[in-house]
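Below is the file coords_25.txt, which contains compact mmCIF, C-alpha atoms and all ligand atoms.
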# COMPACT_ATOMS: atom_id res chain seq x y z
CA MET A 1 -0.19 -19.70 25.87
CA SER A 2 -1.71 -16.64 27.46
CA THR A 3 -5.36 -15.71 27.56
CA GLY A 4 -5.63 -12.50 25.63
CA PRO A 5 -8.30 -9.98 24.85
CA SER A 6 -11.65 -10.82 23.30
CA LEU A 7 -12.50 -9.77 19.78
CA SER A 8 -14.54 -6.86 20.98
CA SER A 9 -11.86 -5.35 23.14
CA SER A 10 -8.54 -3.67 22.66
CA HIS A 11 -6.01 -3.69 25.43
CA LYS A 12 -4.54 -0.29 25.74
CA PRO A 13 -0.80 -0.10 25.13
CA ALA A 14 1.63 2.15 26.91
CA THR A 15 1.17 5.79 25.96
CA ALA A 16 1.76 5.96 22.23
CA PRO A 17 3.67 8.81 20.63
CA PRO A 18 1.51 11.46 19.01
CA PRO A 19 0.69 11.06 15.32
CA PRO A 20 3.19 12.50 12.86
CA ALA A 21 1.05 15.55 12.15
CA ASP A 22 1.25 16.53 15.80
CA SER A 23 4.98 15.95 16.16
CA THR A 24 7.33 18.79 16.81
CA PHE A 25 8.78 19.58 13.43
CA THR A 26 12.40 18.68 12.96
CA ARG A 27 14.77 21.09 11.34
CA ASP A 28 14.42 19.11 8.14
CA GLU A 29 10.65 19.59 8.23
CA LEU A 30 10.71 23.37 8.59
CA ASP A 31 9.99 23.65 4.88
CA LEU A 32 6.55 22.21 5.54
CA LEU A 33 5.51 24.76 8.13
CA CYS A 34 3.76 26.97 5.61
CA TYR A 35 1.25 24.15 5.15
CA GLU A 36 0.99 23.26 8.83
CA ALA A 37 -2.60 24.40 9.34
CA ARG A 38 -3.80 22.44 6.30
CA ILE A 39 -1.81 19.36 7.34
CA ARG A 40 -3.32 19.38 10.83
CA ARG A 41 -6.93 19.15 9.61
CA PRO A 42 -8.81 15.88 10.02
CA GLU A 43 -8.36 13.60 7.02
CA ARG A 44 -12.00 13.84 5.91
CA GLU A 45 -11.66 17.62 5.46
CA LYS A 46 -8.76 17.14 3.09
CA LEU A 47 -10.45 14.70 0.72
CA PRO A 48 -12.21 17.19 -1.61
CA GLU A 49 -8.93 18.98 -2.31
CA LEU A 50 -7.32 15.78 -3.52
CA GLN A 51 -9.78 15.07 -6.31
CA ARG A 52 -11.38 16.80 -9.27
CA ALA A 53 -15.06 15.95 -9.67
CA GLU A 54 -15.18 12.18 -9.10
CA GLN A 55 -11.61 11.71 -10.33
CA LEU A 56 -8.46 11.29 -8.25
CA ARG A 57 -6.15 14.27 -8.65
CA HIS A 58 -3.46 13.61 -6.02
CA VAL A 59 -2.82 10.34 -4.17
CA ILE A 60 -1.68 11.12 -0.64
CA PHE A 61 -3.23 8.70 1.85
CA GLY A 62 -5.15 5.44 2.00
CA GLY A 63 -8.36 7.07 3.22
CA GLN A 64 -8.92 8.51 -0.27
CA PHE A 65 -9.95 5.15 -1.71
CA SER A 66 -13.58 4.07 -1.58
CA LEU A 67 -14.68 0.49 -2.09
CA ALA A 68 -15.93 1.35 -5.59
CA LEU A 69 -12.59 2.92 -6.51
CA LEU A 70 -10.67 -0.11 -5.20
CA GLU A 71 -12.87 -2.45 -7.23
CA GLY A 72 -12.52 -0.29 -10.34
CA LEU A 73 -8.73 -0.14 -10.06
CA ALA A 74 -8.52 -3.90 -9.59
CA GLN A 75 -10.62 -4.48 -12.71
CA THR A 76 -8.43 -2.14 -14.75
CA ALA A 77 -5.29 -3.82 -13.36
CA ASP A 78 -6.65 -7.23 -14.33
CA LYS A 79 -7.26 -6.00 -17.87
CA ILE A 80 -3.79 -4.43 -18.17
CA ARG A 81 -2.33 -7.70 -16.90
CA VAL A 82 -4.14 -9.68 -19.60
CA LEU A 83 -3.46 -7.16 -22.37
CA SER A 84 0.25 -7.20 -21.51
CA LYS A 85 0.47 -10.88 -22.38
CA ASN A 86 -0.11 -10.17 -26.04
CA ARG A 87 1.64 -7.98 -28.64
CA SER A 88 -1.54 -6.22 -29.77
CA GLY A 89 -2.50 -5.52 -26.16
CA ARG A 90 0.96 -4.14 -25.34
CA ASP A 91 0.89 -1.97 -28.48
CA PHE A 92 -2.48 -0.58 -27.45
CA LEU A 93 -1.38 0.20 -23.89
CA ILE A 94 1.91 1.84 -24.81
CA GLN A 95 0.30 4.47 -27.04
CA LEU A 96 -2.22 5.54 -24.40
CA LEU A 97 -0.03 8.04 -22.54
CA HIS A 98 3.02 8.41 -24.79
CA HIS A 99 2.57 12.19 -24.65
CA LYS A 100 3.03 12.26 -20.83
CA ARG A 101 6.18 12.58 -18.72
CA ALA A 102 6.64 11.59 -15.08
CA MET A 103 9.23 12.69 -12.51
CA LEU A 104 10.18 10.08 -9.93
CA TYR A 105 11.53 12.14 -7.02
CA PHE A 106 12.78 9.37 -4.76
CA THR A 107 15.18 10.79 -2.19
CA GLN A 108 14.65 7.85 0.19
CA PRO A 109 15.87 4.38 -0.85
CA SER A 110 13.42 2.20 -2.76
CA THR A 111 13.56 -0.87 -4.96
CA ARG A 112 9.98 -2.07 -5.52
CA THR A 113 8.07 1.21 -5.52
CA PHE A 114 10.54 2.97 -7.78
CA LEU A 115 10.90 0.14 -10.25
CA SER A 116 7.23 -0.81 -10.36
CA PHE A 117 6.20 2.81 -10.94
CA MET A 118 8.79 3.03 -13.68
CA ALA A 119 7.55 -0.23 -15.22
CA ALA A 120 3.94 0.99 -14.92
CA CYS A 121 4.88 4.19 -16.74
CA GLN A 122 6.62 2.16 -19.44
CA ILE A 123 3.56 -0.08 -19.92
CA LEU A 124 1.44 3.01 -20.64
CA GLY A 125 4.10 4.79 -22.70
CA ILE A 126 4.86 7.50 -20.11
CA THR A 127 8.44 8.81 -20.29
CA CYS A 128 10.17 8.85 -16.88
CA ASN A 129 12.96 10.81 -15.35
CA GLU A 130 14.28 10.62 -11.81
CA VAL A 131 15.99 12.45 -8.98
CA ARG A 132 17.16 9.95 -6.38
CA ASP A 133 20.15 11.72 -4.92
CA PRO A 134 19.32 15.29 -3.81
CA THR A 135 23.04 16.13 -3.79
CA THR A 136 22.83 16.11 -7.60
CA SER A 137 20.06 18.70 -7.59
CA SER A 138 20.21 22.44 -6.97
CA GLU A 139 18.83 21.89 -3.46
CA THR A 140 22.54 21.83 -2.56
CA LYS A 141 22.73 25.49 -3.67
CA GLY A 142 20.02 26.49 -1.21
CA GLU A 143 16.95 25.90 -3.36
CA THR A 144 13.88 24.92 -1.33
CA ARG A 145 12.18 21.60 -2.00
CA PHE A 146 9.10 23.51 -3.07
CA ASP A 147 11.02 25.49 -5.69
CA SER A 148 12.50 22.20 -6.93
CA LEU A 149 9.07 20.59 -7.09
CA ARG A 150 7.55 23.55 -8.88
CA MET A 151 10.36 23.22 -11.43
CA PHE A 152 9.52 19.53 -11.89
CA SER A 153 5.95 20.54 -12.63
CA SER A 154 7.24 22.79 -15.41
CA TYR A 155 8.77 19.86 -17.24
CA PHE A 156 6.65 16.87 -16.25
CA ASP A 157 2.96 15.92 -16.10
CA LEU A 158 3.11 13.93 -12.86
CA ILE A 159 5.38 13.89 -9.81
CA ILE A 160 5.80 10.70 -7.78
CA ILE A 161 7.45 11.36 -4.40
CA ARG A 162 9.24 9.03 -1.96
CA SER A 163 10.64 10.95 1.00
CA LYS A 164 11.63 10.48 4.61
CA LEU A 165 9.57 13.60 5.34
CA ALA A 166 6.15 12.51 6.55
CA LYS A 167 4.13 15.31 4.98
CA LEU A 168 6.14 16.35 1.96
CA ALA A 169 3.86 14.75 -0.64
CA GLU A 170 0.78 16.20 1.04
CA SER A 171 2.35 19.66 1.16
CA CYS A 172 3.26 19.40 -2.52
CA ALA A 173 -0.36 18.57 -3.35
CA TYR A 174 -1.38 21.82 -1.64
CA LEU A 175 1.37 23.68 -3.50
CA MET A 176 0.02 22.33 -6.80
CA ASN A 177 -3.55 23.27 -5.86
CA ASP A 178 -2.45 26.79 -5.00
CA LEU A 179 -0.63 27.07 -8.31
CA GLU A 180 -3.74 25.83 -10.12
CA SER A 181 -5.98 28.34 -8.34
CA THR A 182 -3.74 31.20 -9.44
CA GLY A 183 -3.74 30.05 -13.06
CA ASN A 184 -0.29 28.45 -12.98
CA ARG A 185 0.81 25.09 -14.22
CA SER A 186 0.00 22.30 -11.78
CA VAL A 187 0.34 18.51 -11.97
CA PRO A 188 -0.84 15.51 -9.90
CA ILE A 189 1.27 14.34 -6.96
CA ILE A 190 1.53 10.70 -5.90
CA ASN A 191 2.84 9.79 -2.46
CA ALA A 192 5.16 6.80 -2.93
CA GLY A 193 6.00 6.52 0.78
CA SER A 194 6.26 9.41 3.23
CA GLY A 195 8.32 8.94 6.40
CA ALA A 196 6.55 6.68 8.90
CA ASP A 197 3.24 8.16 7.82
CA GLU A 198 1.57 6.68 4.73
CA HIS A 199 2.31 4.55 1.67
CA PRO A 200 -1.03 4.51 -0.15
CA THR A 201 0.05 2.84 -3.37
CA GLN A 202 1.61 -0.04 -1.38
CA ALA A 203 -1.79 -0.45 0.26
CA LEU A 204 -3.37 -0.57 -3.20
CA LEU A 205 -1.19 -3.49 -4.22
CA ASP A 206 -1.80 -5.19 -0.88
CA ILE A 207 -5.57 -4.90 -1.36
CA TYR A 208 -5.26 -6.07 -4.98
CA THR A 209 -3.30 -9.12 -3.84
CA LEU A 210 -5.95 -9.91 -1.22
CA GLN A 211 -8.73 -9.42 -3.78
CA ARG A 212 -7.10 -11.90 -6.14
CA THR A 213 -6.30 -14.37 -3.38
CA PHE A 214 -9.81 -14.32 -1.94
CA GLN A 215 -11.34 -15.03 -5.35
CA PHE A 216 -10.03 -18.56 -4.66
CA ALA A 217 -9.56 -19.08 -8.40
CA ASP A 218 -7.60 -22.03 -9.68
CA ARG A 219 -3.96 -20.96 -10.17
CA GLN A 220 -3.42 -22.87 -13.41
CA THR A 221 -6.66 -22.11 -15.19
CA SER A 222 -7.85 -19.01 -13.27
CA THR A 223 -11.36 -20.41 -13.41
CA ALA A 224 -13.67 -21.01 -10.46
CA SER A 225 -11.81 -23.44 -8.26
CA PRO A 226 -12.99 -26.78 -6.94
CA ARG A 227 -10.56 -25.97 -4.13
CA PHE A 228 -12.98 -23.36 -2.81
CA ALA A 229 -15.65 -26.01 -2.28
CA GLU A 230 -13.07 -28.14 -0.46
CA LEU A 231 -12.03 -25.18 1.66
CA GLN A 232 -15.62 -24.47 2.59
CA HIS A 233 -15.88 -28.04 3.76
CA SER A 234 -13.04 -27.40 6.23
CA TYR A 235 -14.01 -23.77 6.94
CA PRO A 236 -17.81 -23.51 6.66
CA GLN A 237 -17.79 -19.76 7.37
CA LEU A 238 -15.41 -19.01 4.48
CA THR A 239 -16.68 -16.62 1.81
CA LYS A 240 -15.06 -15.04 -1.24
CA GLY A 241 -13.88 -11.44 -1.03
CA LEU A 242 -12.35 -9.29 1.68
CA THR A 243 -15.40 -8.81 3.90
CA ASN A 244 -15.92 -10.61 7.23
CA LYS A 245 -12.29 -11.67 7.55
CA VAL A 246 -9.65 -11.44 10.26
CA TYR A 247 -6.42 -9.68 9.23
CA GLY A 248 -3.28 -9.89 11.35
CA PHE A 249 -0.52 -7.28 11.25
CA CYS A 250 2.73 -8.28 12.95
CA GLY A 251 5.90 -6.38 13.86
CA ASP A 252 6.60 -2.65 13.83
CA ILE A 253 3.02 -1.41 13.79
CA GLY A 254 3.79 2.08 15.13
CA ARG A 255 6.24 3.04 12.39
CA GLY A 256 4.93 0.89 9.55
CA ARG A 257 3.54 3.31 6.98
CA THR A 258 2.30 0.39 4.88
CA VAL A 259 0.34 -0.88 7.88
CA ARG A 260 -1.22 2.54 8.40
CA SER A 261 -2.35 2.83 4.76
CA LEU A 262 -3.55 -0.78 4.45
CA ALA A 263 -5.48 -0.69 7.73
CA SER A 264 -7.27 2.44 6.45
CA LEU A 265 -8.23 0.69 3.22
CA LEU A 266 -9.40 -2.47 4.98
CA GLY A 267 -11.74 -0.23 6.99
CA ASN A 268 -13.80 0.00 3.77
CA TYR A 269 -14.84 -3.65 4.04
CA GLU A 270 -17.77 -4.87 6.14
CA GLY A 271 -17.16 -7.05 9.13
CA VAL A 272 -13.36 -7.01 9.15
CA THR A 273 -11.33 -7.51 12.32
CA LEU A 274 -7.77 -6.20 12.48
CA ILE A 275 -5.44 -7.87 14.97
CA PHE A 276 -2.20 -6.01 15.67
CA ILE A 277 0.58 -8.22 17.03
CA ALA A 278 3.33 -6.01 18.39
CA PRO A 279 5.52 -5.52 21.46
CA HIS A 280 3.99 -3.55 24.31
CA ASP A 281 6.14 -0.54 23.53
CA PRO A 282 4.95 2.98 22.70
CA THR A 283 7.14 3.22 19.60
CA LEU A 284 6.18 -0.12 18.08
CA THR A 285 2.52 -0.42 18.94
CA LEU A 286 -0.54 0.97 17.14
CA ARG A 287 -0.63 4.78 17.17
CA GLU A 288 -3.51 6.58 18.74
CA ASP A 289 -4.52 8.49 15.59
CA LEU A 290 -4.94 5.30 13.55
CA ARG A 291 -6.69 3.52 16.42
CA THR A 292 -9.17 6.39 16.69
CA ARG A 293 -9.79 6.51 12.96
CA LEU A 294 -10.43 2.77 12.77
CA VAL A 295 -12.72 2.76 15.81
CA GLU A 296 -14.66 5.73 14.39
CA ARG A 297 -15.28 3.71 11.25
CA GLY A 298 -16.56 0.78 13.27
CA VAL A 299 -13.59 -1.48 12.56
CA GLN A 300 -13.09 -4.19 15.16
CA ILE A 301 -9.52 -3.94 16.44
CA VAL A 302 -7.59 -6.19 18.79
CA GLU A 303 -4.06 -5.60 20.08
CA VAL A 304 -1.97 -8.50 21.32
CA GLU A 305 1.69 -9.17 21.99
CA SER A 306 2.06 -12.67 20.60
CA PHE A 307 0.77 -15.06 17.95
CA ASP A 308 -0.16 -17.32 20.85
CA ASP A 309 -2.39 -14.82 22.62
CA VAL A 310 -5.89 -16.22 22.67
CA VAL A 311 -8.80 -14.33 21.12
CA GLN A 312 -12.30 -15.78 21.34
CA GLY A 313 -10.83 -19.06 22.54
CA THR A 314 -8.37 -19.47 19.65
CA PRO A 315 -4.66 -18.57 19.42
CA VAL A 316 -4.29 -15.62 17.07
CA ILE A 317 -2.11 -17.49 14.56
CA GLU A 318 -4.91 -20.02 14.03
CA LEU A 319 -7.60 -17.37 13.73
CA LEU A 320 -6.17 -15.27 10.90
CA ASP A 321 -7.55 -15.20 7.35
CA ALA A 322 -4.47 -13.25 6.23
CA LEU A 323 -1.20 -12.26 7.87
CA TYR A 324 0.73 -9.08 7.07
CA MET A 325 4.31 -9.27 8.36
CA THR A 326 6.52 -6.21 8.71
CA ARG A 327 10.14 -5.61 9.59
CA ILE A 328 11.35 -3.62 12.59
CA GLN A 329 12.14 -0.26 10.98
CA LYS A 330 15.46 0.56 12.60
CA GLU A 331 16.02 3.49 10.25
CA HIS A 332 13.41 5.37 12.30
CA ASN A 333 15.11 4.64 15.65
CA ALA A 334 15.41 7.64 17.97
CA PRO A 335 18.36 7.98 20.36
CA GLY A 336 18.00 5.29 23.04
CA ASP A 337 15.74 3.01 20.94
CA ASP A 338 18.54 0.48 20.24
CA GLU A 339 19.03 -0.11 23.97
CA LYS A 340 15.27 -0.12 24.63
CA PHE A 341 14.54 -2.67 21.89
CA ALA A 342 17.45 -4.88 23.02
CA ALA A 343 15.49 -5.49 26.21
CA ILE A 344 12.39 -6.71 24.30
CA ASP A 345 12.01 -10.31 23.11
CA LEU A 346 11.57 -9.46 19.43
CA SER A 347 11.88 -13.13 18.39
CA ARG A 348 8.12 -13.36 18.98
CA TYR A 349 7.61 -11.21 15.89
CA LYS A 350 9.31 -13.66 13.51
CA LEU A 351 7.35 -16.15 11.48
CA THR A 352 8.54 -19.77 11.59
CA PRO A 353 7.55 -22.87 9.61
CA GLN A 354 5.98 -24.17 12.83
CA LEU A 355 3.74 -21.11 13.08
CA VAL A 356 2.85 -21.30 9.38
CA ALA A 357 1.82 -24.95 9.87
CA ARG A 358 -0.79 -23.75 12.36
CA MET A 359 -2.30 -21.12 10.01
CA LYS A 360 -5.47 -21.68 8.01
CA THR A 361 -4.59 -23.58 4.84
CA TYR A 362 -5.71 -20.72 2.59
CA ALA A 363 -4.44 -17.74 4.64
CA PRO A 364 -2.05 -15.63 2.54
CA ILE A 365 1.18 -14.31 4.07
CA LEU A 366 2.01 -10.81 2.87
CA HIS A 367 4.97 -8.54 3.51
CA PRO A 368 5.58 -5.18 1.84
CA PHE A 369 9.30 -6.00 1.63
CA PRO A 370 12.18 -5.46 1.97
CA ARG A 371 12.41 -8.17 4.61
CA ASP A 372 15.35 -7.92 6.99
CA GLN A 373 17.71 -10.84 6.43
CA HIS A 374 19.45 -10.10 9.74
CA PHE A 375 16.29 -9.99 11.84
CA GLY A 376 14.54 -12.72 9.80
CA GLU A 377 10.86 -11.87 10.27
CA ILE A 378 10.14 -14.21 7.33
CA PRO A 379 12.84 -16.85 6.85
CA PRO A 380 13.35 -18.07 3.25
CA GLU A 381 12.19 -21.61 4.21
CA ILE A 382 8.65 -20.23 4.06
CA ASP A 383 8.98 -18.89 0.50
CA ASP A 384 7.82 -22.11 -1.17
CA ASP A 385 4.68 -22.39 0.91
CA PRO A 386 1.67 -21.72 -1.37
CA ARG A 387 0.46 -19.16 1.15
CA ALA A 388 3.64 -17.07 0.78
CA MET A 389 2.32 -14.27 -1.38
CA TYR A 390 5.02 -11.60 -1.07
CA PHE A 391 6.76 -11.99 -4.42
CA ARG A 392 3.46 -12.10 -6.27
CA GLN A 393 2.36 -9.14 -4.15
CA ALA A 394 5.36 -7.10 -5.38
CA ARG A 395 4.59 -7.93 -9.03
CA ASN A 396 0.98 -6.91 -8.47
CA GLY A 397 2.37 -3.46 -7.68
CA MET A 398 3.24 -2.96 -11.34
CA TRP A 399 -0.32 -3.79 -12.50
CA ILE A 400 -2.19 -1.77 -9.90
CA ARG A 401 0.13 1.23 -10.29
CA SER A 402 -0.49 1.06 -14.05
CA ALA A 403 -4.22 1.09 -13.30
CA LEU A 404 -3.78 4.06 -10.97
CA LEU A 405 -1.88 6.06 -13.60
CA ALA A 406 -4.53 5.18 -16.19
CA SER A 407 -7.21 6.43 -13.79
CA ILE A 408 -5.40 9.68 -12.95
CA PHE A 409 -4.96 10.49 -16.63
CA GLY A 410 -8.48 9.35 -17.50
CA VAL A 411 -7.61 6.56 -19.95
CA ASP A 412 -9.05 3.71 -17.87
CA HIS A 413 -12.27 3.83 -19.90
CA GLN A 414 -10.29 3.38 -23.10
CA ILE A 415 -8.73 0.27 -21.59
CA ASP A 416 -12.18 -1.06 -20.70
CA GLN A 417 -13.46 -0.33 -24.17
CA PHE A 418 -10.52 -1.89 -25.99
CA PHE A 419 -10.66 -4.94 -23.79
CA ASN A 420 -14.41 -5.42 -24.09
CA ASP A 421 -14.95 -4.48 -27.73
CA GLU A 422 -11.93 -5.94 -29.40
CA TYR A 423 -9.71 -7.99 -27.18
CA ARG A 424 -12.18 -10.18 -25.37
CA GLU A 425 -13.55 -11.37 -28.73
CA ARG A 426 -10.17 -12.64 -29.86
CA HIS A 427 -8.66 -13.97 -26.65
CA HIS A 428 -11.25 -16.13 -24.96
CA ASP A 429 -8.59 -18.09 -23.09
CA ASP A 430 -7.17 -15.05 -21.37
CA ASP A 431 -10.62 -13.84 -20.32
CA ARG A 432 -10.76 -16.51 -17.70
CA ILE A 433 -8.13 -14.82 -15.62
CA ILE A 434 -10.41 -11.93 -14.76
CA THR A 435 -13.55 -13.87 -13.98
N1 LIG B 501 7.47 -1.96 -0.26
C1 LIG B 501 8.28 -0.94 -0.58
O1 LIG B 501 7.92 0.24 -0.45
O2 LIG B 501 9.50 -1.32 -1.03
P1 LIG B 501 10.64 -0.31 -1.49
O3 LIG B 501 11.06 0.44 -0.26
O4 LIG B 501 11.73 -1.19 -2.04
O5 LIG B 501 10.06 0.62 -2.50
Let's see the structure in the file written out as C-alpha cells.
Amino acid sequence: MSTGPSLSSSHKPATAPPPPADSTFTRDELDLLCYEARIRRPEREKLPELQRAEQLRHVIFGGQFSLALLEGLAQTADKIRVLSKNRSGRDFLIQLLHHKRAMLYFTQPSTRTFLSFMAACQILGITCNEVRDPTTSSETKGETRFDSLRMFSSYFDLIIIRSKLAKLAESCAYLMNDLESTGNRSVPIINAGSGADEHPTQALLDIYTLQRTFQFADRQTSTASPRFAELQHSYPQLTKGLTNKVYGFCGDIGRGRTVRSLASLLGNYEGVTLIFIAPHDPTLTLREDLRTRLVERGVQIVEVESFDDVVQGTPVIELLDALYMTRIQKEHNAPGDDEKFAAIDLSRYKLTPQLVARMKTYAPILHPFPRDQHFGEIPPEIDDDPRAMYFRQARNGMWIRSALLASIFGVDHQIDQFFNDEYRERHHDDDRIIT
C-alpha cells in the first residue's frame, strides 16, 4: 500500500493533452471551423446563449445545470415515475407533448441513451424519428452536416445528437440561434454524447441516481429508513444528500465524457471531494481544462493511481462515499496507444469482490455502461451486491430525460399541478416514493 497525496493536494500527472476545444481540428471536424471562435470561449460566456429567460433552450454541457435546476428536474422525474405506474397518470403524460416531434440523430453507436430518449419521448407523447447511419442520408451526396441539421429543424421540434465529433452539438446550437436571430425556424438541441468531450444528460441521470441513493429511503416502502439511523451509528459523519461526500472516479478519466460532465455537476455541491483513480498517463488522466475548472470552483480534487493509495490515512477504496467506474475507451485510441497501454498495469482499474468488501456499506457503485466484458472493469459477480447501482442508474435515465424534455417544452408545471391537485389525493401509497 503506498502513501499517496493528502486530500488537499493533487499530484500533477504527466503533461496532459490539451482540451478538445484546443485540439487541431481533424479533417472530419472542418465543418465546425465556422464556429471555432464561439467554441473557444470560456464555458461561462456561453451559458446565456443556451437558455431563454430562466428556461433551458439547448443542453450542451454539464456546467449549464445549477443546483436548483438539478433539484427541480429530480422532483419532476420522481413525479413522472409515480404517474407512470398508473393508467390515469400515463394517459395524462402521453397527451402533454403529442403535438411535438423529435429527431434522434445518433451517428455514433448507442444503446442506453438512444433507447431511453426514445422511451422518454414516448412517455410524453412525442413522436420520434431517427438517423443512425449517415450513409442513408444525403450527407453521402456531399450535403454538409449543418444543411442536414437545418433540414431536421424544418420537420422536427427538437434534435437530439450523439456524435463522435466533440463540438458538433454545440455548433448546432449556435446554428439554431443564428437561424432564430434572422427570423428562421429554430429548435432546441440536446447533446447526447459528443466525442470525448461531454455527455450532459448521462450526468443528469448519474446525479439523479446519487440523489435517490443518498436519501437512504427504504427500498420496499420508500419511506424514511431505519437503516439510515443504523448507518449513522457506523458512520457518524454520514448525512443525507450529495454534499460533503467523497466521490471516486476510476479508469479512463481523460477520455471519459461522462466523467467530465458528472464532475462538473458535482462541483455544484458544497464540500465534495473528487478522487480520480487513473494510470499516470497523459491520455488517461484528468485533463487540464477540467482540473482548472474544478479548482476554480473550489472543488477539492485528488489524483491517485490505485485504490490502495492512501489519502488522509485511509486507502482510497475505504474512503469513498460513491464510486464511478468507467471502461478504457479504446475507440478513442490514437496510433501507438495500443502499445503504450500494453505496458501499463491496467488490472488496477478493475473492481473485484475483494475491493467491494472494503467499501463503505452504503457506497453506491455506478458505471455509465457499456462495461467492457473483455477488460472486466466490473465483473458480473458484483451485480447482486446492493451497492451495485448501474442497472437502476440506466433506468433512471428514462425518468430524468423525460423530466428534461418536459422542462425544455415548458410542461413541467403541468406535471406538478396534475400530481399535486389530482393525483396525490387519490394515490396516497405512491406518494411515499417521493418523500
Ligand atoms: N451510457 C451511455 O451513453 O450508453 P450508450 O452509449 O449505450 O448510449
Atom CA of Gln211 of chain A to atom CA of Leu320 of chain A, straight-line distance in Å:
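It comes out at 16.0 Å.
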Give me, as number ranges by chain, all polymer residues having an atom no more than 12 Å from Leu274 of chain A, counting all atoms listed in the file and skipping those fewer than 2 positions away in the same chain.
A: 7-10, 243-250, 253, 259-260, 262-267, 269-272, 276-277, 286, 290-291, 294-295, 298-304, 311, 316, 319-324
Using all atoms listed in the file, pick whichever of A:Asp206, A:Asp338, A:Asp416, A:Asp289 has the shortest atom-to-atom distance to ligand LIG 501 (chain B).
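Smallest separation from ligand LIG 501 (chain B) among the options: A:Asp206.
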Between A:Arg40, A:His233, A:Lys167, A:Arg227, which one has atoms that come closest to Glu198 of chain A, using all atoms listed in the file?
A:Lys167
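Taking atom CA of Leu50 of chain A and atom CA of Asn177 of chain A as the two end points, the separation is 8.7 Å.
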Can you spit out segment 103-116 of chain A with N, CA, C and O atoms, as a tab-separated table (two decimals), in the first residue's frame, from the structure just given?
chain	number	residue	atom	x	y	z
A	103	MET	N	-36.15	14.48	-33.55
A	103	MET	CA	-35.20	13.74	-34.39
A	103	MET	C	-34.06	13.25	-33.52
A	103	MET	O	-33.42	14.03	-32.81
A	104	LEU	N	-33.82	11.95	-33.54
A	104	LEU	CA	-32.67	11.38	-32.85
A	104	LEU	C	-31.58	11.13	-33.89
A	104	LEU	O	-31.66	10.17	-34.67
A	105	TYR	N	-30.62	12.05	-33.92
A	105	TYR	CA	-29.52	11.96	-34.91
A	105	TYR	C	-28.34	11.33	-34.19
A	105	TYR	O	-27.56	12.01	-33.53
A	106	PHE	N	-28.27	10.03	-34.26
A	106	PHE	CA	-27.28	9.25	-33.49
A	106	PHE	C	-26.34	8.55	-34.46
A	106	PHE	O	-26.56	7.39	-34.82
A	107	THR	N	-25.28	9.22	-34.87
A	107	THR	CA	-24.38	8.61	-35.84
A	107	THR	C	-23.21	7.90	-35.16
A	107	THR	O	-22.33	7.39	-35.84
A	108	GLN	N	-23.21	7.88	-33.83
A	108	GLN	CA	-22.24	7.08	-33.07
A	108	GLN	C	-23.05	6.03	-32.31
A	108	GLN	O	-24.15	6.34	-31.83
A	109	PRO	N	-22.52	4.80	-32.15
A	109	PRO	CA	-23.33	3.76	-31.52
A	109	PRO	C	-23.84	4.14	-30.13
A	109	PRO	O	-23.17	4.85	-29.39
A	110	SER	N	-25.03	3.68	-29.82
A	110	SER	CA	-25.62	3.94	-28.51
A	110	SER	C	-26.71	2.91	-28.26
A	110	SER	O	-27.47	2.57	-29.18
A	111	THR	N	-26.81	2.44	-27.05
A	111	THR	CA	-27.96	1.62	-26.64
A	111	THR	C	-28.81	2.42	-25.66
A	111	THR	O	-29.96	2.76	-25.94
A	112	ARG	N	-28.24	2.73	-24.50
A	112	ARG	CA	-28.99	3.35	-23.41
A	112	ARG	C	-29.50	4.76	-23.74
A	112	ARG	O	-30.67	5.06	-23.51
A	113	THR	N	-28.62	5.60	-24.27
A	113	THR	CA	-29.03	6.99	-24.47
A	113	THR	C	-30.11	7.07	-25.54
A	113	THR	O	-31.12	7.76	-25.38
A	114	PHE	N	-29.90	6.32	-26.62
A	114	PHE	CA	-30.88	6.32	-27.70
A	114	PHE	C	-32.23	5.80	-27.21
A	114	PHE	O	-33.27	6.45	-27.37
A	115	LEU	N	-32.19	4.62	-26.58
A	115	LEU	CA	-33.46	4.00	-26.19
A	115	LEU	C	-34.16	4.74	-25.06
A	115	LEU	O	-35.38	4.83	-25.03
A	116	SER	N	-33.37	5.29	-24.13
A	116	SER	CA	-34.04	5.99	-23.03
A	116	SER	C	-34.60	7.33	-23.49
A	116	SER	O	-35.64	7.77	-22.99
